[in-house]
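A.B. asks: Dumping the structure here so I can ask a few things about it.
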Amino acid sequence: MRDFYDSYSTVINFIGLNAILGLSLYITLACGLLSLANAAFMGIGAYTAALLTLKQDWPFPLVLLAGALMATLVAAPLGIPILRLRGVFLAISTIGFGEVTRIVITNLSVTGGALGLPSIPRKTEWWHIYGLLVLLLFFFWRLRGSRMGYALEAIREDEAAARTMGINTTYYKVLAFMIGAFIAGLAGALDAHLVRAISPNQYGFTRAVEILTYAVVGGITSFLGPVLGAVLITSIPELLRSDALRDLGIKPGADRVIINGVILLVVILFLPRGLISIFDRRWSLPRWRRPRGPDGESLAGESLSSGV
């Protein structure tokens, strides 16, 4: 087991990190908000934690918390005006925020400018990553049946109707935005102390699209979807190094982006609800076993599992 981890430790660690990032986006998608600011929040958390480690020599648990809280503090005032937007307008505005954040970090001397921060002590271990992932999965599992979970689902389905029912939609949307920023900031702090060198370009538009891909490929109807998406997308580079794929003429790394795009296209075409829909279908009752009403129509849903 130790030999296996030594051989694949990088992939194992990044699967966990990317799953955490996917969950940071899931909380906003759960209430129908397409925000692409999580890469920027990840960068804020990474730089905050790294600077506190390098300049102040803070203990590792404190720098993790500081990185997450700094991302949350930035998200709080940003969320109130920006979450009035919907759909593509919200996505574009959060992309703009991410680019502004990247440029600011690039032009600050304390952050090392475009070169970033090297020689960060490696303090992140696999059990830090997966311990946090387990805690987050428990949180989202409990969220499903909570007051907040039902409020987020109502907002996602019809915000106007949710507001009419007395749900404070602004409060819950901003809260979801802040929780997503907190999780992304934690992931950034862990990432900085894992890769040991960070730069502004690591947290730009490309990373934002990658995080969205984890959620879309895995499925946003359940909190397990982004985890499945992260496992698949992160494992692809390692699979491309196999001898079997080399025999097919696939070069390691050269066709990585193309294969990622093909997988995303296949999932959208044949599994529009993501990989999680495979398990939904498996656990659903067959049509002939579903209870029927007087008119002969099925009274059971298509699936026994639900989102949020």
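Please note that chains go A, B, ... in the order of the structure tokens, that every chain numbers its residues from 1, and that ligands are numbered from 1 in the order shown.
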I need the helix (DSSP H, G or I) residues of range 65-301 of chain A per DSSP on the backbone, written as a count of residues only.
C.D. replies: 169
A.B. asks: What's around range 126-134 of chain A at 12 Å? Count only C-alpha atoms, leave out sequence neighbours fewer than 3 positions away in its own chain, and write the answer as a PyMOL selection string.
C.D. replies: chain A and resi 5-6+8-24+60-61+64+122-123+137-141+183-184+186-191+193-194+223-224+226-227
A.B. asks: Looking at A:Val174, A:Ile259, A:Ala215, A:Leu29, which one is nearest to Ser235 in chain A, with distances taken over only C-alpha atoms?
C.D. replies: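 Counting only C-alpha atoms, the residue closest to Ser235 in chain A is A:Ile259.
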